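Quick look at run28.tsv (TSV, C-alpha atoms and all ligand atoms):
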```
chain	number	residue	atom	x	y	z
A	1	MET	CA	-57.39	-13.90	2.75
A	2	THR	CA	-54.82	-12.40	0.35
A	3	VAL	CA	-55.57	-9.61	-2.09
A	4	SER	CA	-55.66	-12.07	-5.01
A	5	ASP	CA	-58.38	-14.04	-3.19
A	6	GLU	CA	-60.68	-11.03	-2.99
A	7	GLY	CA	-64.13	-11.96	-4.28
A	8	ARG	CA	-63.43	-15.68	-3.91
A	9	THR	CA	-64.33	-18.37	-1.35
A	10	PRO	CA	-64.20	-22.20	-1.26
A	11	VAL	CA	-66.46	-23.80	-3.87
A	12	VAL	CA	-70.15	-23.48	-3.02
A	13	SER	CA	-73.31	-24.86	-4.68
A	14	VAL	CA	-75.75	-22.22	-5.75
A	15	TYR	CA	-79.03	-22.01	-7.62
A	16	VAL	CA	-79.96	-19.21	-9.98
A	17	GLY	CA	-83.47	-18.41	-11.22
A	18	LEU	CA	-83.86	-17.13	-14.79
A	19	GLY	CA	-86.80	-15.22	-16.24
A	20	SER	CA	-87.59	-13.33	-19.45
A	21	ASN	CA	-90.73	-11.99	-21.12
A	22	LEU	CA	-89.37	-9.77	-23.90
A	23	GLU	CA	-87.59	-10.17	-27.24
A	24	ASN	CA	-87.86	-13.93	-27.75
A	25	PRO	CA	-87.82	-15.03	-24.10
A	26	ALA	CA	-86.89	-18.67	-24.75
A	27	ARG	CA	-83.85	-17.57	-26.73
A	28	GLN	CA	-82.92	-15.07	-23.98
A	29	ILE	CA	-83.00	-17.89	-21.40
A	30	MET	CA	-80.90	-20.25	-23.57
A	31	ARG	CA	-78.37	-17.48	-24.13
A	32	ALA	CA	-78.26	-16.66	-20.40
A	33	LEU	CA	-77.70	-20.33	-19.49
A	34	ALA	CA	-74.69	-20.36	-21.82
A	35	ALA	CA	-73.46	-17.11	-20.23
A	36	LEU	CA	-73.75	-18.61	-16.71
A	37	GLY	CA	-71.28	-21.29	-17.85
A	38	GLU	CA	-68.81	-18.55	-18.82
A	39	ILE	CA	-68.69	-16.79	-15.42
A	40	PRO	CA	-65.13	-16.92	-14.03
A	41	ASP	CA	-64.43	-19.41	-11.20
A	42	THR	CA	-67.89	-20.91	-11.79
A	43	ARG	CA	-69.24	-24.06	-13.42
A	44	LEU	CA	-72.74	-24.69	-14.76
A	45	LEU	CA	-73.72	-28.06	-13.26
A	46	GLU	CA	-77.34	-28.48	-14.31
A	47	GLN	CA	-80.17	-26.65	-15.98
A	48	SER	CA	-83.91	-27.29	-15.82
A	49	SER	CA	-86.41	-27.37	-18.64
A	50	LEU	CA	-87.98	-24.09	-19.66
A	51	TYR	CA	-91.39	-23.19	-18.17
A	52	ILE	CA	-94.06	-20.70	-19.21
A	53	SER	CA	-95.63	-18.73	-16.34
A	54	LYS	CA	-98.00	-15.84	-15.79
A	55	PRO	CA	-96.38	-12.58	-14.64
A	56	LEU	CA	-96.30	-11.61	-10.96
A	57	GLY	CA	-97.88	-8.23	-10.24
A	58	PRO	CA	-98.93	-6.28	-13.36
A	59	ARG	CA	-100.89	-8.64	-15.68
A	60	ASN	CA	-100.74	-6.45	-18.79
A	61	GLN	CA	-97.44	-7.89	-19.97
A	62	PRO	CA	-96.39	-11.06	-21.83
A	63	ASP	CA	-96.04	-14.46	-20.13
A	64	PHE	CA	-92.59	-15.31	-18.77
A	65	VAL	CA	-90.20	-18.07	-19.70
A	66	ASN	CA	-88.42	-19.37	-16.58
A	67	ALA	CA	-85.72	-21.87	-15.71
A	68	VAL	CA	-83.37	-22.70	-12.82
A	69	ALA	CA	-79.65	-23.48	-13.04
A	70	ALA	CA	-77.31	-25.17	-10.56
A	71	LEU	CA	-73.79	-23.72	-10.39
A	72	ALA	CA	-70.64	-24.43	-8.43
A	73	THR	CA	-68.71	-21.26	-7.73
A	74	SER	CA	-65.79	-19.92	-5.74
A	75	LEU	CA	-67.04	-16.35	-6.14
A	76	THR	CA	-68.47	-14.60	-3.10
A	77	PRO	CA	-72.24	-13.93	-3.20
A	78	GLU	CA	-71.57	-10.24	-3.96
A	79	ALA	CA	-69.17	-11.06	-6.82
A	80	LEU	CA	-71.60	-13.62	-8.24
A	81	LEU	CA	-74.48	-11.10	-8.08
A	82	ALA	CA	-72.31	-8.60	-9.97
A	83	SER	CA	-71.67	-11.23	-12.66
A	84	LEU	CA	-75.40	-12.00	-12.90
A	85	GLN	CA	-76.23	-8.31	-13.25
A	86	ALA	CA	-73.56	-7.93	-15.95
A	87	ILE	CA	-75.25	-10.72	-17.94
A	88	GLU	CA	-78.65	-9.02	-17.48
A	89	THR	CA	-77.20	-5.76	-18.78
A	90	ARG	CA	-75.52	-7.47	-21.74
A	91	GLN	CA	-78.88	-8.97	-22.70
A	92	GLY	CA	-80.53	-5.57	-22.74
A	93	ARG	CA	-82.06	-5.39	-19.24
A	94	ASN	CA	-83.31	-1.87	-18.78
A	95	ARG	CA	-83.50	-0.94	-15.10
A	96	ASP	CA	-84.95	2.51	-15.79
A	97	SER	CA	-88.64	1.64	-16.17
A	98	GLY	CA	-89.16	1.95	-12.41
A	99	ARG	CA	-91.98	-0.58	-12.62
A	100	ARG	CA	-91.78	-3.32	-10.03
A	101	TRP	CA	-92.09	-6.77	-11.59
A	102	GLY	CA	-92.43	-5.14	-15.03
A	103	PRO	CA	-91.40	-6.74	-18.33
A	104	ARG	CA	-87.72	-7.50	-18.90
A	105	THR	CA	-85.41	-9.22	-21.37
A	106	LEU	CA	-83.63	-11.04	-18.56
A	107	ASP	CA	-83.89	-11.42	-14.79
A	108	LEU	CA	-81.31	-13.48	-12.90
A	109	ASP	CA	-82.02	-14.05	-9.20
A	110	LEU	CA	-79.55	-15.65	-6.80
A	111	LEU	CA	-81.96	-18.11	-5.20
A	112	VAL	CA	-79.66	-19.94	-2.80
A	113	TYR	CA	-75.96	-19.75	-1.98
A	114	GLY	CA	-74.89	-22.92	-0.16
A	115	ASP	CA	-76.52	-22.78	3.25
A	116	ARG	CA	-75.79	-19.09	3.76
A	117	MET	CA	-78.46	-16.73	5.06
A	118	ILE	CA	-77.67	-13.21	3.83
A	119	GLU	CA	-79.48	-9.98	4.65
A	120	THR	CA	-77.73	-6.90	3.27
A	121	PRO	CA	-79.10	-3.89	1.31
A	122	ALA	CA	-77.94	-5.47	-1.99
A	123	LEU	CA	-78.64	-9.11	-1.29
A	124	THR	CA	-81.21	-11.27	0.47
A	125	VAL	CA	-80.47	-15.02	0.31
A	126	PRO	CA	-82.39	-17.30	0.11
A	127	HIS	CA	-84.20	-15.07	-2.36
A	128	PRO	CA	-87.48	-13.71	-0.90
A	129	GLY	CA	-90.62	-15.33	-2.25
A	130	ILE	CA	-88.82	-18.48	-3.35
A	131	GLY	CA	-91.06	-20.67	-1.15
A	132	GLN	CA	-94.27	-19.58	-2.93
A	133	ARG	CA	-93.14	-19.13	-6.53
A	134	SER	CA	-94.09	-22.13	-8.67
A	135	PHE	CA	-91.88	-20.82	-11.51
A	136	VAL	CA	-88.90	-21.31	-9.17
A	137	LEU	CA	-90.05	-24.42	-7.26
A	138	LEU	CA	-91.02	-26.60	-10.25
A	139	PRO	CA	-87.80	-26.14	-12.26
A	140	LEU	CA	-85.74	-26.44	-9.07
A	141	GLN	CA	-87.46	-29.73	-8.26
A	142	GLU	CA	-86.47	-31.07	-11.66
A	143	ILE	CA	-82.75	-30.66	-10.95
A	144	ALA	CA	-82.74	-31.11	-7.14
A	145	PRO	CA	-85.77	-33.23	-6.12
A	146	ASP	CA	-84.57	-33.99	-2.58
A	147	TYR	CA	-83.30	-30.50	-1.85
A	148	VAL	CA	-84.09	-28.80	1.46
A	149	ILE	CA	-84.07	-25.01	1.05
A	150	PRO	CA	-82.14	-23.36	3.89
A	151	GLY	CA	-84.61	-21.80	6.33
A	152	LEU	CA	-87.65	-22.95	4.30
A	153	GLY	CA	-87.69	-26.74	4.37
A	154	ALA	CA	-88.18	-29.62	1.97
A	155	LEU	CA	-88.71	-28.63	-1.65
A	156	LYS	CA	-91.19	-31.53	-2.08
A	157	THR	CA	-93.47	-30.03	0.58
A	158	LEU	CA	-93.20	-26.53	-0.86
A	159	VAL	CA	-94.08	-27.87	-4.32
A	160	GLU	CA	-97.12	-29.72	-2.94
A	161	GLU	CA	-98.35	-26.53	-1.28
A	162	CYS	CA	-97.67	-24.03	-4.07
A	163	ASP	CA	-100.21	-22.56	-6.48
A	164	ARG	CA	-99.52	-23.98	-9.96
A	165	THR	CA	-102.08	-21.89	-11.78
A	166	GLY	CA	-100.84	-20.74	-15.17
A	167	ILE	CA	-97.53	-22.58	-15.26
A	168	HIS	CA	-96.52	-25.31	-17.70
A	169	LYS	CA	-93.37	-26.81	-19.12
A	170	LEU	CA	-92.40	-25.50	-22.53
A	171	ASP	CA	-92.55	-28.13	-25.24
A	172	HIS	CA	-88.96	-28.16	-26.49
A	173	ASP	CA	-90.10	-29.16	-29.99
A	174	THR	CA	-91.56	-25.67	-30.33
A	175	LEU	CA	-88.27	-23.87	-29.59
B	201	LIG	P1	-87.94	-10.06	-7.13
B	201	LIG	O1	-86.64	-9.84	-6.40
B	201	LIG	O2	-89.16	-9.97	-6.27
B	201	LIG	O3	-87.93	-11.31	-7.97
B	201	LIG	P2	-87.09	-8.45	-9.31
B	201	LIG	O4	-86.28	-9.66	-9.69
B	201	LIG	O5	-87.93	-7.84	-10.38
B	201	LIG	O6	-88.06	-8.81	-8.09
B	201	LIG	P3	-84.92	-6.66	-9.48
B	201	LIG	O7	-85.35	-5.32	-9.97
B	201	LIG	O8	-84.34	-7.60	-10.50
B	201	LIG	O9	-86.14	-7.35	-8.72
B	201	LIG	O10	-83.85	-6.54	-8.32
B	201	LIG	C1	-83.84	-5.49	-7.43
B	201	LIG	C2	-82.65	-5.64	-6.48
B	201	LIG	O11	-82.78	-6.84	-5.71
B	201	LIG	C3	-81.28	-5.78	-7.12
B	201	LIG	O12	-80.71	-4.54	-7.34
B	201	LIG	C4	-80.48	-6.60	-6.09
B	201	LIG	O13	-79.52	-5.82	-5.42
B	201	LIG	C5	-81.54	-7.01	-5.10
B	201	LIG	N1	-81.43	-8.39	-4.62
B	201	LIG	C6	-81.55	-8.74	-3.32
B	201	LIG	N2	-81.41	-10.05	-3.15
B	201	LIG	C7	-81.19	-10.58	-4.39
B	201	LIG	C8	-80.97	-11.89	-4.86
B	201	LIG	N3	-80.95	-12.93	-4.00
B	201	LIG	N4	-80.78	-12.08	-6.19
B	201	LIG	C9	-80.81	-11.02	-7.04
B	201	LIG	N5	-81.01	-9.74	-6.66
B	201	LIG	C10	-81.21	-9.51	-5.34
B	202	CA	CA	-87.02	-11.86	-9.93
B	203	CA	CA	-83.98	-9.82	-9.99
```

Spell out the structure here as structure tokens.
Amino acid sequence: MTVSDEGRTPVVSVYVGLGSNLENPARQIMRALAALGEIPDTRLLEQSSLYISKPLGPRNQPDFVNAVAALATSLTPEALLASLQAIETRQGRNRDSGRRWGPRTLDLDLLVYGDRMIETPALTVPHPGIGQRSFVLLPLQEIAPDYVIPGLGALKTLVEECDRTGIHKLDHDTL
């Protein structure tokens, strides 16, 4: 690999999970989807509908708006994560609250990166919890119905088994 290739690999399919529950969450998600399409060496292939879901962990916070996007990228997982975190920061993500699963203007999780299994201090891929989270599984199923999640199995089965309490698709007429 030459110096100019640093941070780049052959093109890989990835999925990104989006979430927001502050400052007009639906607008935050639409803006983030547009920003994903602007990441260098990366193309936005597909985006799901928007979903409303109940927060994980602390309940005394607003409902979330969630979506999933499919990208093709030649960035490494680390470089892509840095781009995702830059978008979070640009959209006002405040990492100082110290509250796990607290409210945020934007959360971008790297759900899957090709068929890579990654376990480093900065990055766990596939993203932990993905197999149980209906706000990831339902939008992912919309854009990749026959997908088999590396290490976890068929999306269809995971969707059948997941708890769908408190999640519904956002009516786009209300946006
Ligand atoms: P959860 O990860 O359970 O959805 P969260 O999204 O609220 O919780 P964050 O505070 O956004 O967690 O992220 C904490 C750290 O997780 C980040 O600093 C990042 O380095 C790390 N991380 C590990 N794996 C991933 C991944 N696949 N995608 C995004 N961040 C990841
Ligand atoms: Ca998250
Ligand atoms: Ca996150």

Report as a Markdown table: every residue of chain A with an atom at most 9 Å from ligand LIG 201 (chain B), its closest pair of atoms, and their distance in Å to one decimal, counting all atoms listed in the file, with rows sorted by chain and ascending residue number.
```
| residue | atom | partner | partner_atom | distance |
| --- | --- | --- | --- | --- |
| A:Val16 | CA | B:LIG201 | N4 | 8.1 |
| A:Gly17 | CA | B:LIG201 | N4 | 8.5 |
| A:Gly19 | CA | B:LIG201 | O4 | 8.6 |
| A:Leu56 | CA | B:LIG201 | O2 | 8.7 |
| A:Pro77 | CA | B:LIG201 | N3 | 8.8 |
| A:Leu81 | CA | B:LIG201 | C9 | 6.4 |
| A:Ala82 | CA | B:LIG201 | O13 | 9.0 |
| A:Leu84 | CA | B:LIG201 | C9 | 8.0 |
| A:Gln85 | CA | B:LIG201 | C9 | 8.2 |
| A:Arg95 | CA | B:LIG201 | O7 | 7.0 |
| A:Gly98 | CA | B:LIG201 | O7 | 8.6 |
| A:Arg99 | CA | B:LIG201 | O7 | 8.6 |
| A:Arg100 | CA | B:LIG201 | O5 | 5.9 |
| A:Trp101 | CA | B:LIG201 | O5 | 4.5 |
| A:Gly102 | CA | B:LIG201 | O5 | 7.0 |
| A:Pro103 | CA | B:LIG201 | O5 | 8.7 |
| A:Arg104 | CA | B:LIG201 | O5 | 8.5 |
| A:Leu106 | CA | B:LIG201 | O8 | 8.8 |
| A:Asp107 | CA | B:LIG201 | O8 | 5.8 |
| A:Leu108 | CA | B:LIG201 | C9 | 6.4 |
| A:Asp109 | CA | B:LIG201 | N4 | 3.8 |
| A:Leu110 | CA | B:LIG201 | N4 | 3.8 |
| A:Leu111 | CA | B:LIG201 | N3 | 5.4 |
| A:Val112 | CA | B:LIG201 | N3 | 7.2 |
| A:Tyr113 | CA | B:LIG201 | N3 | 8.7 |
| A:Ile118 | CA | B:LIG201 | N3 | 8.5 |
| A:Glu119 | CA | B:LIG201 | N2 | 8.0 |
| A:Thr120 | CA | B:LIG201 | C6 | 7.8 |
| A:Pro121 | CA | B:LIG201 | O13 | 7.0 |
| A:Ala122 | CA | B:LIG201 | O13 | 3.8 |
| A:Leu123 | CA | B:LIG201 | N2 | 3.5 |
| A:Thr124 | CA | B:LIG201 | N2 | 3.8 |
| A:Val125 | CA | B:LIG201 | N3 | 4.8 |
| A:Pro126 | CA | B:LIG201 | N3 | 6.2 |
| A:His127 | CA | B:LIG201 | N3 | 4.2 |
| A:Pro128 | CA | B:LIG201 | O2 | 6.8 |
| A:Gly129 | CA | B:LIG201 | O2 | 6.9 |
| A:Ile130 | CA | B:LIG201 | O3 | 8.6 |
```

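When only C-alpha atoms are used to compute distances to Lys54 of chain A, the closest of the residues A:Gly166, A:Gly131, A:Pro150, A:Gly114 turns out to be A:Gly166.
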
* Which is closest to Cys162 of chain A among A:Val14, A:Val148, A:Ile87, A:Leu137, if we use all atoms listed in the file? ->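 Of A:Val14, A:Val148, A:Ile87, A:Leu137, the one nearest Cys162 of chain A is A:Leu137, counting all atoms listed in the file.
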
* Asked: Between atom CA of Leu50 of chain A and atom CA of Leu75 of chain A, what is the spacing in Å?
  ->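 Atom CA of Leu50 of chain A lies at a distance of 26.1 Å from atom CA of Leu75 of chain A.
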
* Which of these residues is nearest to Gly7 of chain A, using only C-alpha atoms: A:Thr76, A:Thr89, A:Ser83, A:Gln132? ->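 Residue with the minimum atom-to-atom distance to Gly7 of chain A: A:Thr76.
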
* Enter the distance from atom CA of Ser13 of chain A to atom CA of Ser49 of chain A, in Å, rounded to one decimal. =>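 Going from atom CA of Ser13 of chain A over to atom CA of Ser49 of chain A covers 19.3 Å.
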
* To do: Could you check how far atom CA of Tyr15 of chain A sits from atom CA of Asp96 of chain A, in Å to one decimal?
  =>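 For atom CA of Tyr15 of chain A relative to atom CA of Asp96 of chain A, the distance reads 26.5 Å.
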
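If you measure from each of A:Ser20, A:Ser74, A:Ser134, A:Asn66 to Gln47 of chain A using only C-alpha atoms, the closest one turns out to be A:Asn66.
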
* To do: Check the smallest atom-to-atom distance from each of A:Ala70, A:Ile167, A:Met30, A:Met117 to Ala144 of chain A using all atoms listed in the file, then report the winner.
  => A:Ala70

* To do: Can you work out which one of A:Gly37, A:Glu160, A:Asn21, A:Arg93 has the shortest atom-to-atom distance to Asn60 of chain A, counting only C-alpha atoms?
  =>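 Once distances to Asn60 of chain A are computed over only C-alpha atoms, the minimum belongs to A:Asn21.
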